[in-house]
>>> print(open('final34.cif').read())   # mmCIF, C-alpha atoms
data_input
loop_
_atom_site.label_atom_id
_atom_site.label_comp_id
_atom_site.auth_asym_id
_atom_site.auth_seq_id
_atom_site.Cartn_x
_atom_site.Cartn_y
_atom_site.Cartn_z
CA MET L 1 -44.31 -33.25 -45.11
CA LYS L 2 -42.21 -30.09 -45.37
CA LYS L 3 -45.18 -27.91 -44.40
CA THR L 4 -45.89 -30.05 -41.36
CA LEU L 5 -42.27 -29.69 -40.30
CA ILE L 6 -42.47 -25.91 -40.65
CA MET L 7 -45.61 -25.81 -38.47
CA ASN L 8 -43.95 -28.00 -35.84
CA LEU L 9 -40.81 -25.82 -35.90
CA LEU L 10 -42.90 -22.68 -35.43
CA MET L 11 -44.77 -24.23 -32.51
CA SER L 12 -41.45 -25.40 -31.00
CA ALA L 13 -40.03 -21.89 -31.36
CA LEU L 14 -43.01 -20.60 -29.39
CA GLY L 15 -42.17 -23.15 -26.71
CA THR L 16 -45.48 -24.91 -27.05
CA ASN L 17 -47.03 -27.85 -28.78
CA LYS L 18 -50.37 -26.07 -28.96
CA MET L 19 -52.02 -23.72 -31.39
CA PRO L 20 -52.60 -20.13 -30.23
CA GLU L 21 -55.13 -19.99 -27.41
CA GLU L 22 -57.27 -17.28 -29.00
CA ASN L 23 -61.00 -17.81 -28.70
CA ASP L 24 -63.27 -17.42 -31.71
CA PHE L 25 -61.48 -15.66 -34.52
CA LEU L 26 -61.83 -15.54 -38.29
CA GLY L 27 -59.15 -17.85 -39.59
CA ALA L 28 -57.65 -19.03 -42.84
CA ILE L 29 -57.00 -22.76 -42.57
CA LYS L 30 -54.76 -24.88 -44.79
CA LEU L 31 -55.50 -28.60 -44.51
CA ILE L 32 -53.14 -31.45 -45.39
CA THR L 33 -55.49 -32.28 -48.28
CA GLY L 34 -54.61 -28.93 -49.89
CA GLU L 35 -57.99 -27.36 -49.16
CA GLU L 36 -58.00 -23.74 -48.02
CA LEU L 37 -60.85 -22.61 -45.80
CA LEU L 38 -62.10 -19.41 -44.26
CA ALA L 39 -64.15 -19.90 -41.09
CA LYS L 40 -64.84 -18.77 -37.56
CA VAL L 41 -62.31 -20.84 -35.58
CA THR L 42 -62.28 -21.99 -31.97
CA HIS L 43 -59.29 -23.93 -30.66
CA VAL L 44 -60.05 -26.75 -28.20
CA LEU L 45 -57.59 -28.78 -26.15
CA ASP L 46 -59.32 -31.25 -23.84
CA GLU L 47 -59.43 -34.92 -22.90
CA ASP L 48 -60.72 -35.74 -26.40
CA GLY L 49 -57.63 -34.25 -28.05
CA ASP L 50 -56.32 -31.14 -29.77
CA TYR L 51 -58.65 -29.85 -32.49
CA ILE L 52 -60.41 -26.83 -33.88
CA ILE L 53 -64.11 -26.19 -34.30
CA VAL L 54 -64.96 -24.31 -37.49
CA GLU L 55 -68.24 -22.52 -38.04
CA ASN L 56 -69.57 -21.68 -41.49
CA PRO L 57 -66.44 -22.78 -43.35
CA ILE L 58 -66.13 -21.77 -46.98
CA GLU L 59 -63.60 -23.25 -49.36
CA VAL L 60 -61.58 -20.73 -51.35
CA GLU L 61 -59.79 -21.68 -54.55
CA GLU L 62 -57.60 -19.46 -56.69
CA VAL L 63 -58.72 -19.38 -60.31
CA THR L 64 -57.06 -17.93 -63.40
CA LEU L 65 -59.00 -16.76 -66.43
CA GLY L 66 -56.63 -15.62 -69.12
CA LYS L 67 -54.27 -13.19 -67.42
CA LYS L 68 -56.64 -12.41 -64.54
CA GLN L 69 -56.72 -14.15 -61.18
CA GLY L 70 -59.64 -14.42 -58.83
CA ALA L 71 -61.18 -16.50 -56.11
CA LYS L 72 -63.83 -19.19 -56.35
CA ILE L 73 -65.84 -19.79 -53.21
CA GLY L 74 -68.18 -22.52 -52.13
CA PRO L 75 -69.33 -24.32 -49.03
CA TRP L 76 -66.69 -26.68 -47.65
CA MET L 77 -69.15 -29.53 -47.06
CA LYS L 78 -71.38 -29.24 -50.09
CA PHE L 79 -73.97 -31.85 -49.11
CA SER L 80 -74.34 -31.11 -45.41
CA ASN L 81 -76.98 -29.12 -43.56
CA GLU L 82 -74.56 -28.61 -40.66
CA ASN L 83 -72.56 -25.41 -40.26
CA THR L 84 -70.16 -26.49 -37.49
CA PHE L 85 -67.37 -29.05 -37.94
CA ILE L 86 -64.48 -30.47 -35.94
CA ILE L 87 -61.03 -30.75 -37.52
CA PRO L 88 -58.26 -32.63 -35.64
CA LYS L 89 -54.88 -30.90 -35.34
CA GLU L 90 -53.23 -33.72 -37.33
CA LYS L 91 -55.23 -32.71 -40.43
CA ILE L 92 -54.12 -29.06 -40.29
CA ILE L 93 -51.00 -27.55 -41.82
CA THR L 94 -51.59 -24.05 -40.49
CA VAL L 95 -54.20 -21.64 -39.14
CA VAL L 96 -53.78 -17.87 -39.28
CA GLU L 97 -56.00 -15.04 -38.13
CA CYS L 98 -57.41 -12.98 -40.99
CA GLY L 99 -57.29 -9.23 -41.39
CA PRO L 100 -60.24 -6.87 -41.87
CA GLU L 101 -60.16 -7.05 -45.70
CA VAL L 102 -60.53 -10.83 -45.61
CA ALA L 103 -63.27 -10.50 -42.97
CA ILE L 104 -65.25 -8.33 -45.39
CA PHE L 105 -64.67 -10.82 -48.23
CA TYR L 106 -65.76 -13.69 -45.96
CA SER L 107 -68.89 -11.89 -44.79
CA LEU L 108 -69.95 -11.00 -48.34
CA SER L 109 -69.22 -14.52 -49.57
CA LEU L 110 -71.15 -16.12 -46.73
CA ARG L 111 -74.14 -13.86 -47.37
CA LYS L 112 -74.14 -14.73 -51.06
CA LEU L 113 -73.84 -18.46 -50.37
CA HIS L 114 -76.72 -18.34 -47.88
CA ARG L 115 -78.83 -16.24 -50.24
CA ASN L 116 -78.32 -18.86 -52.97
CA VAL L 117 -79.36 -21.66 -50.59
CA ASP L 118 -82.48 -19.68 -49.64
CA GLN L 119 -83.30 -19.20 -53.32
CA LEU L 120 -82.94 -22.93 -53.94
CA ASN L 121 -85.32 -23.69 -51.10
CA THR L 122 -87.99 -21.11 -51.98
CA THR L 123 -87.93 -20.45 -55.71
CA GLY L 124 -87.28 -22.20 -58.95
CA SER L 125 -84.74 -19.53 -59.88
CA THR L 126 -82.89 -19.88 -63.18
CA ASP L 127 -79.97 -18.10 -61.49
CA LEU L 128 -78.86 -21.21 -59.58
CA GLY L 129 -75.27 -21.24 -58.41
CA ARG L 130 -74.70 -17.55 -59.09
CA ILE L 131 -72.30 -16.17 -56.49
CA GLY L 132 -72.14 -12.62 -57.80
CA SER L 133 -71.47 -10.58 -60.86
CA VAL L 134 -68.01 -10.41 -62.34
CA ASP L 135 -67.94 -6.66 -61.69
CA GLU L 136 -68.80 -7.11 -57.98
CA CYS L 137 -66.09 -9.73 -57.53
CA ARG L 138 -63.53 -7.72 -59.50
CA ASP L 139 -64.20 -4.60 -57.37
CA LEU L 140 -63.86 -6.57 -54.15
CA LEU L 141 -60.65 -8.29 -55.25
CA GLU L 142 -59.12 -5.02 -56.47
CA LYS L 143 -59.81 -3.45 -53.07
CA LEU L 144 -58.19 -6.44 -51.34
CA PHE L 145 -55.08 -6.36 -53.56
CA LYS L 146 -54.69 -2.55 -53.26
CA ALA L 147 -54.84 -2.83 -49.47
CA ASN L 148 -51.81 -5.14 -49.48
#
>>> encode(input="final34.cif", output="structure tokens")
Amino acid sequence: MKKTLIMNLLMSALGTNKMPEENDFLGAIKLITGEELLAKVTHVLDEDGDYIIVENPIEVEEVTLGKKQGAKIGPWMKFSNENTFIIPKEKIITVVECGPEVAIFYSLSLRKLHRNVDQLNTTGSTDLGRIGSVDECRDLLEKLFKAN
């Protein structure tokens, strides 16, 4: 409830009841369910309502192993063959445009997810579900944290 109020206050301060009118951008999306997504975002306001269209959304979860923190990624809709989804404004807490470091992380993550799907469809790989090595992920996350 508090987060929804903050979003509404921010939109009121901008003098609008709409999300930014930017076309197609890489966005981080926080939903009212608590899910956090990275996706290509397009804002739409038409006779059907106020909503966003997300393409290739991936869900990102923060994980802690011992004293180390990292990110766990996966497809948002795990059992769907679709890659484009509509999310109504009422289900969104906030949407922000991502910087270049996150764009690199998103691109690498998407490639790895698609590679794993291709492996599932073409081979009987024993490496099912592997996103990447710990060293690859650690290097990427260290670069992201050092950039901030």
>>> residues_around(input="final34.cif", residues="Glu55 in chain L", least_positions_apart="5", cutoff="12 Å", atoms="only C-alpha atoms", output="JSON list (two decimals) with C-alpha atoms, in the frame of the given file")
[["chain", "number", "residue", "atom", "x", "y", "z"],
["L", 24, "ASP", "CA", -63.27, -17.42, -31.71],
["L", 25, "PHE", "CA", -61.48, -15.66, -34.52],
["L", 26, "LEU", "CA", -61.83, -15.54, -38.29],
["L", 27, "GLY", "CA", -59.15, -17.85, -39.59],
["L", 37, "LEU", "CA", -60.85, -22.61, -45.80],
["L", 38, "LEU", "CA", -62.10, -19.41, -44.26],
["L", 39, "ALA", "CA", -64.15, -19.90, -41.09],
["L", 40, "LYS", "CA", -64.84, -18.77, -37.56],
["L", 41, "VAL", "CA", -62.31, -20.84, -35.58],
["L", 42, "THR", "CA", -62.28, -21.99, -31.97],
["L", 43, "HIS", "CA", -59.29, -23.93, -30.66],
["L", 75, "PRO", "CA", -69.33, -24.32, -49.03],
["L", 76, "TRP", "CA", -66.69, -26.68, -47.65],
["L", 77, "MET", "CA", -69.15, -29.53, -47.06],
["L", 82, "GLU", "CA", -74.56, -28.61, -40.66],
["L", 83, "ASN", "CA", -72.56, -25.41, -40.26],
["L", 84, "THR", "CA", -70.16, -26.49, -37.49],
["L", 85, "PHE", "CA", -67.37, -29.05, -37.94],
["L", 86, "ILE", "CA", -64.48, -30.47, -35.94],
["L", 87, "ILE", "CA", -61.03, -30.75, -37.52],
["L", 110, "LEU", "CA", -71.15, -16.12, -46.73]]
>>> closest_residue(input="final34.cif", among="L:Lys68, L:Lys78, L:Lys146, L:Lys89", to="Ile52 in chain L", atoms="only C-alpha atoms")
L:Lys89
>>> closest_residue(input="final34.cif", among="L:Asn23, L:His114, L:Asp135, L:Ser107", to="Val44 in chain L", atoms="all atoms listed in the file")
L:Asn23
>>> resolve_selection(input="final34.cif", expression="the PyMOL selection byres ((chain L and resi 98) around 8)", output="list in words")
Leu26, Gly27, Ala28, Val96, Glu97, Gly99, Pro100, Val102 and Ala103 of chain L
>>> resolve_selection(input="final34.cif", expression="the PyMOL selection byres ((chain L and resi 72) around 12)", output="PyMOL selection string")
chain L and resi 36-37+58-65+69-71+73-76+105-106+109+113+129-132+134+137-138+141
>>> closest_residue(input="final34.cif", among="L:Leu140, L:Ser80, L:Lys67, L:Ile53", to="Ile92 in chain L", atoms="only C-alpha atoms")
L:Ile53
>>> build_atoms(input="final34.cif", residues="range 84-102 of chain L", atoms="N, CA and C atoms", output="short mmCIF file (atom, residue, chain, number, x, y, z; two decimals), keeping the file's coordinate frame")
data_model
loop_
_atom_site.label_atom_id
_atom_site.label_comp_id
_atom_site.auth_asym_id
_atom_site.auth_seq_id
_atom_site.Cartn_x
_atom_site.Cartn_y
_atom_site.Cartn_z
N THR L 84 -71.26 -26.40 -38.44
CA THR L 84 -70.16 -26.49 -37.49
C THR L 84 -69.49 -27.85 -37.64
N PHE L 85 -68.14 -27.83 -37.71
CA PHE L 85 -67.37 -29.05 -37.94
C PHE L 85 -66.15 -29.08 -37.03
N ILE L 86 -65.68 -30.28 -36.75
CA ILE L 86 -64.48 -30.47 -35.94
C ILE L 86 -63.36 -30.97 -36.85
N ILE L 87 -62.18 -30.33 -36.73
CA ILE L 87 -61.03 -30.75 -37.52
C ILE L 87 -59.88 -31.05 -36.55
N PRO L 88 -59.37 -32.29 -36.53
CA PRO L 88 -58.26 -32.63 -35.64
C PRO L 88 -56.98 -31.91 -36.07
N LYS L 89 -56.14 -31.62 -35.10
CA LYS L 89 -54.88 -30.90 -35.34
C LYS L 89 -54.03 -31.61 -36.39
N GLU L 90 -54.06 -32.94 -36.41
CA GLU L 90 -53.23 -33.72 -37.33
C GLU L 90 -53.58 -33.47 -38.79
N LYS L 91 -54.77 -32.95 -39.06
CA LYS L 91 -55.23 -32.71 -40.43
C LYS L 91 -54.96 -31.28 -40.89
N ILE L 92 -54.31 -30.48 -40.02
CA ILE L 92 -54.12 -29.06 -40.29
C ILE L 92 -52.64 -28.76 -40.52
N ILE L 93 -52.37 -28.02 -41.60
CA ILE L 93 -51.00 -27.55 -41.82
C ILE L 93 -50.79 -26.26 -41.04
N THR L 94 -51.72 -25.31 -41.21
CA THR L 94 -51.59 -24.05 -40.49
C THR L 94 -52.93 -23.37 -40.36
N VAL L 95 -53.03 -22.49 -39.36
CA VAL L 95 -54.20 -21.64 -39.14
C VAL L 95 -53.67 -20.25 -38.84
N VAL L 96 -54.19 -19.25 -39.54
CA VAL L 96 -53.78 -17.87 -39.28
C VAL L 96 -55.02 -17.01 -39.12
N GLU L 97 -54.90 -15.98 -38.31
CA GLU L 97 -56.00 -15.04 -38.13
C GLU L 97 -56.04 -14.11 -39.33
N CYS L 98 -57.24 -13.81 -39.80
CA CYS L 98 -57.41 -12.98 -40.99
C CYS L 98 -57.56 -11.51 -40.62
N GLY L 99 -57.16 -10.67 -41.55
CA GLY L 99 -57.29 -9.23 -41.39
C GLY L 99 -58.68 -8.74 -41.76
N PRO L 100 -58.91 -7.43 -41.62
CA PRO L 100 -60.24 -6.87 -41.87
C PRO L 100 -60.70 -6.99 -43.33
N GLU L 101 -59.77 -6.93 -44.29
CA GLU L 101 -60.16 -7.05 -45.70
C GLU L 101 -60.72 -8.45 -45.98
N VAL L 102 -60.07 -9.46 -45.42
CA VAL L 102 -60.53 -10.83 -45.61
C VAL L 102 -61.85 -11.04 -44.87
#
